[in-house]
Structure formats: structure tokens, C-alpha cells
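**Q** Before I ask anything, let me first share the structure, which is written out below as C-alpha cells.
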Amino acid sequence: MKKLFLLIMLTITMTFSLVAKDSFLTTEISLGTGISIYDSGAGDFRKSLLNKSDFRRIILGITADTNLNISDPLKIMFGAETFCDFLWAGSDYFNTFDYAFFTGIKVFPTRTGFNFSISYVLGNRTDYFDEAPKQDTKAWGNGFRISLQYDFMEEKEYKIKPHAGAYYRCIPRGNYNTDHILCLYGGIRF
């Protein structure tokens, strides 16, 4: 029964792909920056570094996803992303490596490049800091990711197309703690 269901779903997906404007699979790679708000165990040490007048900070996010183009207005997406927050003041540091995997749908409501997506996210976070212990890995959490994006040159037949957008990611970590990330990004689709 499972094989029959899988065969039917594959046939439906391939049929939708015949009417889609793009090829069946497209890939997007993005680079961004933003704000991270951590409830779960970010600790007083991070806050003390942020209160210093000489602190330095680099916030970097990288996303890679693949879209299954089942029709022009609707795409199924899955991918992975990482969001790193490097914070230091002198020899003291607090670095965060947040990574997640997501799957969801992307909708193009008009014929222009504007689109939005909503995804289910499974992610984790590891903090590295200059206090004992030197590393703290948080519990895996599942949450959601909402994005707004504009794909430039959507109506053109170019192989590589730029895009820009923003996303909000929310992942509960347990014990009533939740991590939030707001990211602005730009990238290419090919």
C-alpha cells in the first residue's frame, strides 16, 4: 500500500512539474545577517560582553535550499541553514553556532517575483565561550520559519537569478525557553 501511495504521489508531482515554468528542481544559496534573541541559556556572560564598550560582533547566516517546482505559484522546499553570532571583547568571547533543517511550501501569489514561505524547522545550537565549561550544546528543538522574498528577473530566462528577502525563525528549546532569529539575506537561484 505504501509503494502504491508513493507511486501516485510521484506521478502527481511529476505531472505538476510539466506545467511549471522552471525546471523541476531549483537551488538557492543565500548569505545574510540579522538579530538573534536567545532565551535558552545564553547566560549572563553574553550579556556582560554586550555591555562592554569595546565589544566586537559579527553575525552571519548561510542558507541553502532546494525547491521542487510542482507548479508556477507553488513550490515545495527543503534545506539547511546556519546562523553564527561571534561576540568578543578583548580576550573574552561568546560564539554561537545555530543550525537547522527545514521543509515547507513557497507560494508566489502574483506573476512577479514576490513570494512567501512557511516551513517546519528542526534545529540545534551550540555556544562556545571563555568560561568553564567552554561549550554548551542546547537541546534539539522544532519550530517554524516564515520568510518573505523577492526574486529579481523572475520572468526572464536566465540560468542564475538574484533574490533578496527576510525570514523569522522560532525554535522552542524546552523549559519555556525559545530562540528567535530575524535575518535579512540576499543570494542567487540556479
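Identifiers in this document derive from the order of the C-alpha cells: chains are assigned A, B, ..., residues are numbered from 1 separately in each chain, and ligands are numbered from 1 in order of occurrence.
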Report as a ChimeraX atom specification all protein, DNA and RNA residues lying within 12 Å of Ile58 of chain A, evaluated on only C-alpha atoms, omitting residues in the same chain fewer than 3 positions from it.

**A** /A:32-36,55,61,83-88,93-96

**Q** Would you mind listing what lies within 10 Å of Gly187 of chain A as a VMD selection string, with only C-alpha atoms counted and same-chain residues fewer than 2 positions away left out?

**A** chain A and resid 28 to 32 62 to 64 151 161 to 165 185 189

**Q** Now that the selection is made, can you save its residues with N, CA, C and O atoms as a short mmCIF file (atom, residue, chain, number, x, y, z; two decimals), in the first residue's frame?

**A**
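Output saved as out_9.cif:
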data_model
loop_
_atom_site.label_atom_id
_atom_site.label_comp_id
_atom_site.auth_asym_id
_atom_site.auth_seq_id
_atom_site.Cartn_x
_atom_site.Cartn_y
_atom_site.Cartn_z
N GLU A 28 18.74 27.37 -4.23
CA GLU A 28 19.00 28.74 -3.80
C GLU A 28 20.07 28.72 -2.72
O GLU A 28 20.06 27.88 -1.83
N ILE A 29 21.00 29.67 -2.82
CA ILE A 29 22.03 29.86 -1.80
C ILE A 29 21.97 31.32 -1.38
O ILE A 29 21.94 32.21 -2.24
N SER A 30 21.96 31.56 -0.06
CA SER A 30 21.81 32.91 0.46
C SER A 30 22.83 33.18 1.55
O SER A 30 23.24 32.29 2.29
N LEU A 31 23.20 34.45 1.67
CA LEU A 31 24.08 34.93 2.72
C LEU A 31 23.38 36.09 3.39
O LEU A 31 22.84 36.97 2.71
N GLY A 32 23.36 36.10 4.73
CA GLY A 32 22.62 37.15 5.41
C GLY A 32 23.20 37.53 6.75
O GLY A 32 24.21 36.99 7.20
N ILE A 62 23.97 31.57 6.66
CA ILE A 62 24.09 30.94 5.35
C ILE A 62 22.94 29.95 5.20
O ILE A 62 22.70 29.15 6.10
N THR A 63 22.25 30.02 4.07
CA THR A 63 21.11 29.14 3.80
C THR A 63 21.27 28.51 2.44
O THR A 63 21.66 29.18 1.48
N ALA A 64 20.96 27.23 2.34
CA ALA A 64 20.92 26.52 1.05
C ALA A 64 19.63 25.71 1.04
O ALA A 64 19.34 24.98 1.98
N ASP A 151 12.25 37.60 -5.88
CA ASP A 151 13.16 37.03 -6.87
C ASP A 151 13.23 38.00 -8.05
O ASP A 151 12.24 38.21 -8.74
N LYS A 161 19.55 33.69 -11.09
CA LYS A 161 18.70 34.83 -10.77
C LYS A 161 18.94 35.25 -9.33
O LYS A 161 18.95 34.42 -8.43
N PRO A 162 19.11 36.57 -9.09
CA PRO A 162 19.32 37.03 -7.71
C PRO A 162 17.99 37.14 -6.95
O PRO A 162 16.92 37.26 -7.55
N HIS A 163 18.09 37.11 -5.63
CA HIS A 163 16.92 37.31 -4.78
C HIS A 163 17.35 38.00 -3.49
O HIS A 163 18.52 37.99 -3.13
N ALA A 164 16.38 38.60 -2.81
CA ALA A 164 16.60 39.24 -1.51
C ALA A 164 15.37 38.98 -0.66
O ALA A 164 14.26 38.86 -1.18
N GLY A 165 15.57 38.90 0.65
CA GLY A 165 14.43 38.63 1.50
C GLY A 165 14.75 38.72 2.97
O GLY A 165 15.84 39.15 3.38
N TYR A 185 18.63 38.73 4.06
CA TYR A 185 19.57 37.97 3.23
C TYR A 185 19.45 38.33 1.76
O TYR A 185 18.47 38.92 1.33
N ARG A 189 19.65 32.09 -7.21
CA ARG A 189 18.92 30.85 -7.51
C ARG A 189 19.43 30.34 -8.84
O ARG A 189 19.60 31.08 -9.79
#

**Q** Measuring between only C-alpha atoms, which one of A:Ala89, A:Ile188, A:Leu68, A:Cys170 shows the shortest distance to Asn51 of chain A?

**A** A:Ala89

**Q** Determine which residues of chain A receive a DSSP assignment of helix (DSSP H, G or I), computed from the backbone, and state them as a list in words.

**A**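 Restricting chain A to helix (DSSP H, G or I) produces Lys2, Lys3, Leu4, Phe5, Leu6, Leu7, Ile8, Met9, Leu10, Thr11, Ile12, Thr13, Met14, Thr15, Phe16, Ser17, Leu18, Val19, Gly43, Asp44, Phe45, Arg46, Lys47, Ser48, Leu49, Leu50 and Asn51 of chain A.
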
**Q** Identify, on the basis of only C-alpha atoms, every residue whose closest approach to segment 74-79 of chain A does not exceed 6 Å; exclude the query and any residue fewer than 3 positions from it along the same chain; express the result as a PyMOL selection string.

**A** chain A and resi 64-71+101-107

**Q** Would you compute the distance between atom CA of Gly90 of chain A and atom CA of Asn124 of chain A? Give it in Å to one decimal.

**A**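 Atom-to-atom, atom CA of Gly90 of chain A to atom CA of Asn124 of chain A, that is 27.8 Å.
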
**Q** If you run DSSP on the backbone, which residues of chain A are strand (DSSP E), as a PyMOL selection string?

**A** chain A and resi 25-38+56-68+74-89+92-107+114-129+135-137+141-151+161-174+177-189

**Q** Rounded to one decimal, what separation in Å do you get between atom CA of Tyr128 of chain A and atom CA of Ile146 of chain A?

**A**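 Atom CA of Ile146 of chain A lies at a distance of 27.6 Å from atom CA of Tyr128 of chain A.
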
**Q** Give me, as an mmCIF file with N, CA, C and O atoms, in the first residue's frame, all polymer residues having an atom no more than 12 Å from Asp39 of chain A, counting only C-alpha atoms and skipping those fewer than 4 positions away in the same chain.

**A**
data_model
loop_
_atom_site.group_PDB
_atom_site.id
_atom_site.type_symbol
_atom_site.label_atom_id
_atom_site.label_comp_id
_atom_site.auth_asym_id
_atom_site.auth_seq_id
_atom_site.Cartn_x
_atom_site.Cartn_y
_atom_site.Cartn_z
ATOM 1 N N GLY A 43 22.868 33.150 28.996
ATOM 2 C CA GLY A 43 23.646 33.438 30.190
ATOM 3 C C GLY A 43 24.038 34.879 30.390
ATOM 4 O O GLY A 43 23.940 35.721 29.507
ATOM 5 N N ASP A 44 24.495 35.120 31.611
ATOM 6 C CA ASP A 44 24.925 36.459 32.000
ATOM 7 C C ASP A 44 26.243 36.849 31.349
ATOM 8 O O ASP A 44 26.521 38.027 31.169
ATOM 9 N N ARG A 46 27.247 36.394 28.245
ATOM 10 C CA ARG A 46 26.962 37.043 26.954
ATOM 11 C C ARG A 46 26.473 38.471 27.177
ATOM 12 O O ARG A 46 26.889 39.404 26.493
ATOM 13 N N LYS A 47 25.588 38.641 28.128
ATOM 14 C CA LYS A 47 25.059 39.981 28.425
ATOM 15 C C LYS A 47 26.160 40.911 28.910
ATOM 16 O O LYS A 47 26.176 42.101 28.565
ATOM 17 N N ARG A 125 21.614 24.329 18.733
ATOM 18 C CA ARG A 125 22.517 25.454 18.924
ATOM 19 C C ARG A 125 23.629 25.052 19.887
ATOM 20 O O ARG A 125 23.391 24.382 20.891
ATOM 21 N N LYS A 138 22.717 22.995 23.275
ATOM 22 C CA LYS A 138 21.315 23.043 23.682
ATOM 23 C C LYS A 138 20.573 21.821 23.158
ATOM 24 O O LYS A 138 21.052 21.095 22.297
ATOM 25 N N CYS A 170 11.642 30.648 14.708
ATOM 26 C CA CYS A 170 11.324 30.471 16.121
ATOM 27 C C CYS A 170 11.462 28.989 16.464
ATOM 28 O O CYS A 170 10.816 28.148 15.839
ATOM 29 N N ILE A 171 12.335 28.683 17.448
ATOM 30 C CA ILE A 171 12.534 27.287 17.863
ATOM 31 C C ILE A 171 12.462 27.203 19.386
ATOM 32 O O ILE A 171 13.357 27.707 20.076
ATOM 33 N N PRO A 172 11.420 26.581 19.923
ATOM 34 C CA PRO A 172 11.375 26.327 21.370
ATOM 35 C C PRO A 172 12.425 25.290 21.756
ATOM 36 O O PRO A 172 12.658 24.323 21.043
ATOM 37 N N ARG A 173 13.077 25.502 22.906
ATOM 38 C CA ARG A 173 14.144 24.621 23.370
ATOM 39 C C ARG A 173 13.753 23.838 24.626
ATOM 40 O O ARG A 173 14.560 23.150 25.190
ATOM 41 N N GLY A 174 12.537 23.971 25.091
ATOM 42 C CA GLY A 174 12.131 23.302 26.323
ATOM 43 C C GLY A 174 12.277 24.236 27.511
ATOM 44 O O GLY A 174 12.920 25.287 27.436
ATOM 45 N N ASN A 175 11.658 23.875 28.627
ATOM 46 C CA ASN A 175 11.681 24.671 29.863
ATOM 47 C C ASN A 175 11.223 26.105 29.627
ATOM 48 O O ASN A 175 11.761 27.039 30.225
ATOM 49 N N TYR A 176 10.271 26.282 28.745
ATOM 50 C CA TYR A 176 9.693 27.598 28.422
ATOM 51 C C TYR A 176 10.721 28.566 27.849
ATOM 52 O O TYR A 176 10.599 29.773 27.980
ATOM 53 N N ASN A 177 11.763 28.071 27.205
ATOM 54 C CA ASN A 177 12.775 28.885 26.537
ATOM 55 C C ASN A 177 12.621 28.750 25.031
ATOM 56 O O ASN A 177 12.371 27.657 24.526
ATOM 57 N N THR A 178 12.785 29.862 24.328
ATOM 58 C CA THR A 178 12.616 29.881 22.880
ATOM 59 C C THR A 178 13.715 30.730 22.256
ATOM 60 O O THR A 178 14.038 31.801 22.774
ATOM 61 N N ASP A 179 14.287 30.255 21.153
ATOM 62 C CA ASP A 179 15.266 31.021 20.392
ATOM 63 C C ASP A 179 14.574 31.661 19.194
ATOM 64 O O ASP A 179 13.777 31.016 18.506
ATOM 65 N N HIS A 180 14.896 32.929 18.949
ATOM 66 C CA HIS A 180 14.322 33.681 17.839
ATOM 67 C C HIS A 180 15.457 34.216 16.972
ATOM 68 O O HIS A 180 16.460 34.697 17.497
ATOM 69 N N ILE A 181 15.272 34.160 15.655
ATOM 70 C CA ILE A 181 16.243 34.732 14.725
ATOM 71 C C ILE A 181 15.480 35.521 13.668
ATOM 72 O O ILE A 181 14.508 35.030 13.085
#

**Q** Quick one: pull the distance between atom CA of Asn115 of chain A and atom CA of Pro73 of chain A, Å, one decimal.

**A**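 The value is 8.8 Å.
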